[in-house]
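Raw contents of data-v8.txt, compact mmCIF, C-alpha atoms:
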# COMPACT_ATOMS: atom_id res chain seq x y z
CA MET A 1 -151.52 5.95 -14.61
CA GLU A 2 -152.13 9.55 -13.55
CA ASP A 3 -149.52 11.74 -11.90
CA SER A 4 -149.04 10.92 -8.21
CA LEU A 5 -149.40 14.61 -7.33
CA TYR A 6 -153.17 14.35 -7.88
CA ASP A 7 -153.23 12.75 -4.45
CA ALA A 8 -152.61 16.27 -3.12
CA LEU A 9 -156.30 16.98 -3.74
CA ASN A 10 -157.17 14.56 -0.95
CA GLN A 11 -156.67 17.02 1.90
CA LYS A 12 -159.24 18.39 4.33
CA LYS A 13 -159.28 22.00 3.09
CA ILE A 14 -159.91 20.92 -0.51
CA ILE A 15 -162.44 18.28 0.54
CA ASP A 16 -164.29 21.01 2.45
CA LEU A 17 -164.43 23.11 -0.73
CA PHE A 18 -166.17 20.31 -2.59
CA ILE A 19 -168.61 19.25 0.08
CA GLU A 20 -169.56 22.81 1.09
CA GLY A 21 -169.61 24.17 -2.46
CA ASN A 22 -167.60 27.34 -1.74
CA ASP A 23 -170.88 29.37 -1.77
CA TYR A 24 -171.37 28.75 -5.49
CA PHE A 25 -171.45 25.00 -6.08
CA PRO A 26 -174.17 22.83 -4.50
CA ARG A 27 -173.50 21.58 -0.99
CA LEU A 28 -172.90 17.82 -1.10
CA SER A 29 -174.80 15.67 1.36
CA LEU A 30 -173.61 12.19 2.28
CA ILE A 31 -176.14 10.79 -0.21
CA ASP A 32 -174.69 13.05 -2.93
CA ILE A 33 -171.17 11.77 -2.21
CA ILE A 34 -172.38 8.18 -2.28
CA GLY A 35 -173.86 9.05 -5.68
CA LEU A 36 -170.42 10.14 -6.85
CA HIS A 37 -169.01 6.80 -5.70
CA LYS A 38 -171.60 5.04 -7.83
CA GLU A 39 -171.14 7.39 -10.81
CA PHE A 40 -167.42 6.60 -10.95
CA GLY A 41 -167.71 2.87 -10.30
CA ASN A 42 -167.00 2.47 -6.60
CA LEU A 43 -169.96 0.59 -5.10
CA LYS A 44 -168.34 -0.36 -1.79
CA TYR A 45 -170.63 1.65 0.49
CA ASN A 46 -172.17 -0.76 3.01
CA GLY A 47 -174.50 1.61 4.82
CA VAL A 48 -171.99 2.03 7.64
CA TYR A 49 -172.12 5.57 8.98
CA MET A 50 -169.30 7.86 7.90
CA SER A 51 -168.90 11.60 7.85
CA ARG A 52 -169.06 13.55 4.60
CA ASN A 53 -165.33 14.23 4.90
CA GLN A 54 -164.57 10.52 5.29
CA ALA A 55 -166.77 9.62 2.33
CA MET A 56 -165.20 12.29 0.10
CA SER A 57 -161.68 11.33 1.15
CA ALA A 58 -162.43 7.70 0.27
CA PHE A 59 -163.80 8.87 -3.06
CA PHE A 60 -160.69 10.96 -3.87
CA ASN A 61 -158.50 7.99 -2.97
CA TYR A 62 -160.54 5.74 -5.26
CA ILE A 63 -160.52 8.01 -8.33
CA HIS A 64 -156.78 8.62 -7.89
CA LYS A 65 -156.07 4.89 -7.94
CA LYS A 66 -158.28 4.50 -11.02
CA SER A 67 -156.72 7.51 -12.81
CA LYS A 68 -160.09 9.28 -12.90
CA THR A 69 -159.25 12.51 -11.06
CA LEU A 70 -159.43 14.77 -14.12
CA LYS A 71 -162.58 13.00 -15.29
CA PHE A 72 -164.19 13.83 -11.95
CA LEU A 73 -163.02 17.46 -12.00
CA ASN A 74 -164.52 17.89 -15.47
CA TYR A 75 -167.74 16.25 -14.30
CA TYR A 76 -168.07 18.28 -11.10
CA ILE A 77 -166.81 21.72 -12.18
CA LEU A 78 -168.34 21.80 -15.66
CA LYS A 79 -171.57 19.84 -15.17
CA SER A 80 -172.74 20.80 -11.70
CA ASP A 81 -175.97 22.81 -11.63
CA ILE A 82 -174.89 26.35 -10.69
CA LYS A 83 -177.93 28.24 -11.99
CA GLU A 84 -178.84 29.45 -8.52
CA ALA A 85 -175.31 30.77 -7.99
CA VAL A 86 -175.41 32.54 -11.37
CA ASN A 87 -178.62 34.29 -10.32
CA VAL A 88 -177.10 35.31 -6.99
CA VAL A 89 -174.08 36.87 -8.72
CA TYR A 90 -176.22 38.66 -11.31
CA TRP A 91 -178.56 40.21 -8.75
CA SER A 92 -175.66 41.03 -6.44
CA VAL A 93 -173.94 43.21 -9.05
CA ASN A 94 -177.21 44.89 -9.98
CA GLN A 95 -178.28 46.00 -6.51
CA ILE A 96 -178.51 49.78 -6.15
CA ASP A 97 -175.96 51.22 -3.71
CA ASP A 98 -174.72 47.75 -2.93
CA ASN A 99 -171.01 47.07 -2.45
CA TYR A 100 -169.99 44.31 -4.81
CA SER A 101 -166.30 45.12 -5.12
CA GLU A 102 -165.53 41.46 -4.54
CA PHE A 103 -166.35 40.81 -8.21
CA PRO A 104 -164.05 41.63 -11.15
CA GLU A 105 -164.91 44.58 -13.38
CA GLU A 106 -166.11 42.36 -16.22
CA ILE A 107 -168.76 40.85 -13.92
CA CYS A 108 -169.67 44.16 -12.28
CA ASN A 109 -170.45 45.65 -15.69
CA ILE A 110 -173.08 43.01 -16.49
CA ASN A 111 -176.49 44.72 -16.44
CA ILE A 112 -178.37 42.76 -19.09
CA TRP A 113 -179.54 39.17 -18.68
CA ASN A 114 -178.71 37.15 -21.79
CA ASP A 115 -176.97 33.90 -22.72
CA GLU A 116 -173.59 35.56 -23.24
CA ASN A 117 -173.57 37.21 -19.83
CA GLU A 118 -174.83 34.04 -18.20
CA GLU A 119 -171.82 32.19 -19.64
CA LYS A 120 -169.49 34.93 -18.37
CA ILE A 121 -170.82 34.48 -14.85
CA LYS A 122 -170.55 30.69 -15.09
CA SER A 123 -166.92 31.02 -16.20
CA TYR A 124 -166.24 33.38 -13.32
CA ILE A 125 -167.77 30.94 -10.81
CA ARG A 126 -165.85 27.97 -12.17
CA ASP A 127 -162.55 29.85 -12.31
CA SER A 128 -163.08 31.16 -8.76
CA PHE A 129 -163.60 27.61 -7.54
CA ILE A 130 -160.47 26.40 -9.35
CA ASN A 131 -158.49 29.28 -7.85
CA LYS A 132 -159.64 28.21 -4.39
CA ILE A 133 -158.39 24.69 -5.09
CA ASN A 134 -155.04 26.01 -6.33
CA ASP A 135 -154.67 28.17 -3.21
CA HIS A 136 -154.40 24.92 -1.24
CA LEU A 137 -151.97 23.40 -3.76
CA PHE A 138 -149.43 26.22 -3.51
CA SER A 139 -146.81 23.97 -1.90
CA TYR A 140 -147.23 21.28 -4.54
CA ASP A 141 -146.05 21.27 -8.15
CA LEU A 142 -149.66 20.96 -9.27
CA LYS A 143 -152.10 23.49 -10.66
CA ILE A 144 -155.62 22.86 -11.92
CA ILE A 145 -156.36 24.65 -15.20
CA ARG A 146 -159.52 25.32 -17.18
CA GLU A 147 -158.95 25.45 -20.94
CA GLY A 148 -162.32 26.35 -22.41
CA ASN A 149 -164.60 23.39 -21.77
CA ILE A 150 -161.83 21.16 -20.46
CA ILE A 151 -160.41 20.92 -16.95
CA THR A 152 -156.80 19.82 -17.00
CA SER A 153 -153.61 20.58 -15.05
CA ASN A 154 -150.05 21.70 -15.54
CA LYS A 155 -149.02 18.04 -15.27
CA GLU A 156 -151.11 17.12 -18.29
CA SER A 157 -149.89 20.14 -20.26
CA ASP A 158 -146.27 19.15 -19.76
CA PHE A 159 -146.75 15.40 -20.14
CA SER A 160 -147.14 15.41 -23.90
CA LEU A 161 -144.06 17.44 -24.65
CA VAL A 162 -140.48 16.26 -24.72
CA SER A 163 -138.26 18.42 -22.55
CA SER A 164 -134.92 18.89 -24.24
CA ASP A 165 -131.88 18.62 -22.00
CA ILE A 166 -129.25 19.10 -24.70
CA GLU A 167 -127.43 22.35 -25.26
CA ILE A 168 -128.98 24.11 -28.27
CA ASP A 169 -128.71 27.62 -29.60
CA ASP A 170 -131.19 30.33 -28.63
CA ASP A 171 -132.89 30.42 -32.03
CA LEU A 172 -133.77 26.73 -31.89
CA ARG A 173 -134.93 27.05 -28.29
CA THR A 174 -137.20 29.92 -29.32
CA LEU A 175 -138.71 27.81 -32.11
CA ILE A 176 -139.47 25.01 -29.66
CA ASP A 177 -141.00 27.40 -27.12
CA ASN A 178 -143.13 29.04 -29.83
CA ALA A 179 -144.39 25.64 -31.00
CA LYS A 180 -145.33 24.70 -27.44
CA GLU A 181 -147.20 27.96 -27.08
CA SER A 182 -149.13 27.24 -30.29
CA LEU A 183 -150.03 23.83 -28.90
CA ARG A 184 -151.29 25.36 -25.67
CA SER A 185 -153.35 27.78 -27.77
CA ASN A 186 -154.87 24.88 -29.74
CA ASP A 187 -153.34 26.25 -32.96
CA TYR A 188 -152.55 22.76 -34.28
CA ALA A 189 -151.87 23.80 -37.88
CA SER A 190 -149.19 26.19 -36.68
CA VAL A 191 -147.66 23.44 -34.52
CA MET A 192 -147.18 21.31 -37.65
CA THR A 193 -145.46 24.19 -39.46
CA LYS A 194 -143.20 24.99 -36.52
CA SER A 195 -142.29 21.31 -36.10
CA LYS A 196 -140.74 21.26 -39.55
CA SER A 197 -138.93 24.53 -38.80
CA ILE A 198 -137.42 23.01 -35.65
CA VAL A 199 -135.80 20.09 -37.50
CA GLU A 200 -134.79 22.32 -40.40
CA ALA A 201 -133.08 24.72 -37.99
CA GLU A 202 -131.24 21.84 -36.32
CA PHE A 203 -129.95 20.60 -39.69
CA LYS A 204 -128.70 24.08 -40.60
CA ASN A 205 -127.14 24.46 -37.17
CA ILE A 206 -125.15 21.25 -37.59
CA LEU A 207 -124.03 22.16 -41.11
CA ASP A 208 -122.94 25.61 -39.91
CA ARG A 209 -120.78 24.07 -37.21
CA MET A 210 -119.27 21.71 -39.76
CA ASN A 211 -118.55 24.62 -42.13
CA VAL A 212 -120.73 23.17 -44.90
CA ASP A 213 -122.23 25.60 -47.40
CA TYR A 214 -125.91 24.81 -47.94
CA GLY A 215 -126.91 28.08 -49.56
CA GLU A 216 -128.11 26.48 -52.79
CA TYR A 217 -130.65 24.29 -51.00
CA SER A 218 -131.31 26.21 -47.77
CA LYS A 219 -135.07 25.91 -48.35
CA ASN A 220 -135.03 22.25 -49.44
CA PHE A 221 -135.68 20.08 -46.39
CA ASN A 222 -134.73 16.76 -48.02
CA LYS A 223 -131.43 18.10 -49.37
CA LEU A 224 -130.58 19.57 -45.97
CA ARG A 225 -131.23 16.20 -44.35
CA SER A 226 -129.16 14.36 -46.97
CA ALA A 227 -126.26 16.74 -46.40
CA VAL A 228 -126.41 16.23 -42.64
CA ASN A 229 -126.65 12.44 -43.04
CA GLU A 230 -123.59 12.48 -45.25
CA GLN A 231 -121.56 14.77 -42.97
CA LEU A 232 -122.37 12.63 -39.91
CA GLY A 233 -121.50 9.40 -41.70
CA MET A 234 -125.03 8.08 -41.40
CA VAL A 235 -125.16 6.84 -44.99
CA LYS A 236 -121.71 5.30 -45.40
CA GLN A 237 -121.63 1.57 -45.94
CA GLY A 238 -120.14 -0.36 -43.07
CA THR A 239 -120.15 2.60 -40.74
CA TRP A 240 -123.49 1.82 -39.14
CA GLY A 241 -125.06 -1.48 -38.27
CA GLU A 242 -128.24 -2.46 -40.08
CA ARG A 243 -130.38 -1.92 -36.98
CA ALA A 244 -129.07 1.61 -36.56
CA LYS A 245 -129.89 2.36 -40.19
CA LYS A 246 -133.41 0.99 -39.74
CA LEU A 247 -133.82 3.19 -36.69
CA THR A 248 -132.81 6.29 -38.63
CA ARG A 249 -135.04 5.40 -41.55
CA GLY A 250 -137.99 4.72 -39.23
CA ILE A 251 -137.66 8.05 -37.44
CA ASN A 252 -137.43 9.93 -40.72
CA ILE A 253 -140.34 8.05 -42.30
CA THR A 254 -142.53 8.98 -39.33
CA PHE A 255 -141.54 12.61 -39.62
CA ASP A 256 -141.97 12.63 -43.40
CA THR A 257 -145.52 11.31 -42.95
CA LEU A 258 -146.24 14.16 -40.55
CA LEU A 259 -144.75 16.61 -43.05
CA ASP A 260 -147.19 15.30 -45.65
CA LEU A 261 -150.01 16.32 -43.29
CA ARG A 262 -148.35 19.65 -42.82
CA ASN A 263 -147.97 20.18 -46.57
CA ASN A 264 -151.63 19.41 -47.21
CA PHE A 265 -153.32 21.11 -44.28
CA SER A 266 -150.97 23.48 -42.45
CA ASP A 267 -151.29 27.22 -42.02
CA ALA A 268 -148.52 27.76 -44.56
CA HIS A 269 -150.80 26.74 -47.41
CA GLY A 270 -154.12 28.45 -46.70
CA GLY A 271 -157.49 26.90 -47.34
CA ASN A 272 -160.14 25.69 -44.92
CA ASP A 273 -158.60 22.38 -43.90
CA TYR A 274 -157.10 23.41 -40.55
CA SER A 275 -159.69 21.37 -38.69
CA LYS A 276 -158.23 18.19 -40.16
CA ILE A 277 -155.13 18.63 -38.02
CA LYS A 278 -156.08 17.46 -34.54
CA LYS A 279 -154.34 17.66 -31.20
CA ALA A 280 -152.95 14.11 -31.38
CA GLU A 281 -151.18 14.73 -34.68
CA ALA A 282 -149.90 18.11 -33.54
CA ILE A 283 -148.42 16.62 -30.35
CA LEU A 284 -146.88 13.72 -32.27
CA SER A 285 -145.40 16.13 -34.80
CA LEU A 286 -143.85 18.34 -32.13
CA ASN A 287 -142.52 15.41 -30.14
CA ALA A 288 -141.09 13.86 -33.30
CA ALA A 289 -139.43 17.14 -34.27
CA ILE A 290 -137.80 17.62 -30.87
CA SER A 291 -136.76 13.96 -30.61
CA LEU A 292 -135.36 13.94 -34.13
CA SER A 293 -133.42 17.15 -33.46
CA GLU A 294 -132.04 15.73 -30.22
CA TYR A 295 -131.09 12.52 -32.00
CA TYR A 296 -129.10 14.32 -34.71
CA GLU A 297 -127.52 16.58 -32.10
CA ASN A 298 -126.37 13.56 -30.10
CA ILE A 299 -124.95 11.93 -33.23
CA TYR A 300 -123.09 15.16 -33.99
CA GLU A 301 -121.68 15.26 -30.45
CA ARG A 302 -120.66 11.61 -30.72
CA GLN A 303 -118.87 12.30 -34.01
CA GLN A 304 -116.97 15.20 -32.48
CA LYS A 305 -115.62 13.00 -29.71
CA LYS A 306 -114.10 10.51 -32.14
CA PRO A 307 -110.31 10.78 -32.46
CA SER A 308 -109.30 12.40 -35.75
Serialized structure, structure tokens:
Amino acid sequence: MEDSLYDALNQKKIIDLFIEGNDYFPRLSLIDIIGLHKEFGNLKYNGVYMSRNQAMSAFFNYIHKKSKTLKFLNYYILKSDIKEAVNVVYWSVNQIDDNYSEFPEEICNINIWNDENEEKIKSYIRDSFINKINDHLFSYDLKIIREGNIITSNKESDFSLVSSDIEIDDDLRTLIDNAKESLRSNDYASVMTKSKSIVEAEFKNILDRMNVDYGEYSKNFNKLRSAVNEQLGMVKQGTWGERAKKLTRGINITFDTLLDLRNNFSDAHGGNDYSKIKKAEAILSLNAAISLSEYYENIYERQQKKPS
């Protein structure tokens, strides 16, 4: 189920952008819009007259209900034929004594026709169109984003990441923010490395607050975890129920498996295997690290509230 805010795209000003093309994308006729209905699985057009706005509004409503809004945006923005618009931009910036200040400097400096410059102009056209959409979303907590060859949104970027509500120190917060930035930059190997650092920092933080000296094994993740488990009473017989122990073991087994990936392929070990770490594993690793850190922090807080 997609975010309900995608319904904000179904407004007249944004519909007009799509059906008129904003000077760069092809103008959509009623037949074109009916084609979109068919492309995305809605075959309910009965030949009854409707305006282009009505047809496009019905289409936006349909793809929102079917959670296909981002699929459509990728299809329309990235696959529409904009060759004519690319030519218009190129010749506009190469007219003698012509005023083309509306274009950014990078586009104005294009004076050679080649594949690289063609792609620059295409990117400019697509980003300009997205900016027009976002201008009409300013009052909503929604922003359409192009990340290379993918159209996404700020809702999708945030969806995959756990947002920590607990009080943590600035160093740990910085580690989490840096890991999120690596994820946004598609640096998945670095995300794996930073995920381990997040949990490691949380363990050290807890031990510091409990005045436990861990200097001898400060770089040994397993010994740090064992020390924290012992200090929090997570390994004492009779203290925890069996289900709670299984929960703890399960969480740690999941994270240990991710650490195995990190040990084999992460940026801390060199080699050419970075490509083996994909987005799904990086997101899972970061989520697991934040969740595991929050879990231990909550156990620590619970222990502190117990009467001495």
Kindly assemble as CSV a list of the range 125-216 of chain A residues that lie within 10 Å of range 10-13 of chain A, each paired with its nearest atom pair and their distance in Å to one decimal, using all atoms listed in the file, sorted first by chain and then by ascending residue number.
residue,atom,partner,partner_atom,distance
A:Lys132,CA,A:Lys13,CA,9.7
A:Ile133,CA,A:Lys13,CA,8.7
A:Asp135,CA,A:Lys13,CA,10.0
A:His136,CA,A:Lys13,CA,7.1
A:Leu137,CA,A:Gln11,CA,9.7
Can those selected residues be exported to a file as a PDB file, in the frame of the given file so that it contains C-alpha atoms?
ATOM      1  CA  LYS A 132    -159.640  28.210  -4.390  1.00  0.00           C
ATOM      2  CA  ILE A 133    -158.390  24.690  -5.090  1.00  0.00           C
ATOM      3  CA  ASP A 135    -154.670  28.170  -3.210  1.00  0.00           C
ATOM      4  CA  HIS A 136    -154.400  24.920  -1.240  1.00  0.00           C
ATOM      5  CA  LEU A 137    -151.970  23.400  -3.760  1.00  0.00           C
TER       6      LEU A 137
END
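In this model, the gap between CA of Tyr188 in chain A and CA of Glu281 in chain A comes to 8.2 Å.
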Using 4 Å of padding on each side, determine the axis-aligned box around all atoms of range 203-218 of chain A present in the file and give its centre and edge lengths in Å to one decimal, as JSON.
{"center_x": -124.9, "center_y": 24.3, "center_z": -45.0, "size_x": 20.8, "size_y": 15.5, "size_z": 23.6}
Original post:
Which is closer to Val88 in chain A than all the others in A:Tyr24, A:Met50, A:Asn211, A:Lys180, using all atoms listed in the file?
Top reply: A:Tyr24
Original post:
Ile251 in chain A: which residues within 8 Å, counting only C-alpha atoms, same-chain residues fewer than 3 positions away excluded, as number ranges by chain?
Top reply: A: 247-248, 254-255, 288, 292
**OP:** Please indicate the distance in Å from CA of Leu28 in chain A to CA of Asp127 in chain A, rounded to one decimal place.
**Re:** 19.4 Å
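The smallest atom-to-atom distance between Ile198 in chain A and any of A:Asn220, A:Asn74, A:Asn298, A:Ser291, using all atoms listed in the file, is found for A:Ser291.
CA of Val86 in chain A is positioned 7.0 Å from CA of Glu118 in chain A.
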Subject >> Residue contacts of range 31-43 of chain A (7 Å, all atoms listed in the file) excluding same-chain residues fewer than 3 positions away, as a VMD selection string >> reply: chain A and resid 28 55 to 56 59
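Comparing A:Thr152, A:Asn109, A:Ser128, A:Asn114 by their smallest distance to Lys71 in chain A, the closest is A:Thr152 (using all atoms listed in the file).
Among the candidate residues A:Leu183, A:Ile145, A:Ala201, A:Leu207, the one lying nearest to Ile77 in chain A is A:Ile145, with distances computed using all atoms listed in the file.
Nearest-residue note for Val212 in chain A: choosing from A:Gln231, A:Ser197, A:Arg225, A:Ile15, the minimum distance belongs to A:Gln231, counting all atoms listed in the file.
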**OP:** Could you check which of A:Ser153, A:Asn229, A:Ser51, A:Asn287 is closest to Thr69 in chain A, using only C-alpha atoms?
**Re:** A:Ser153
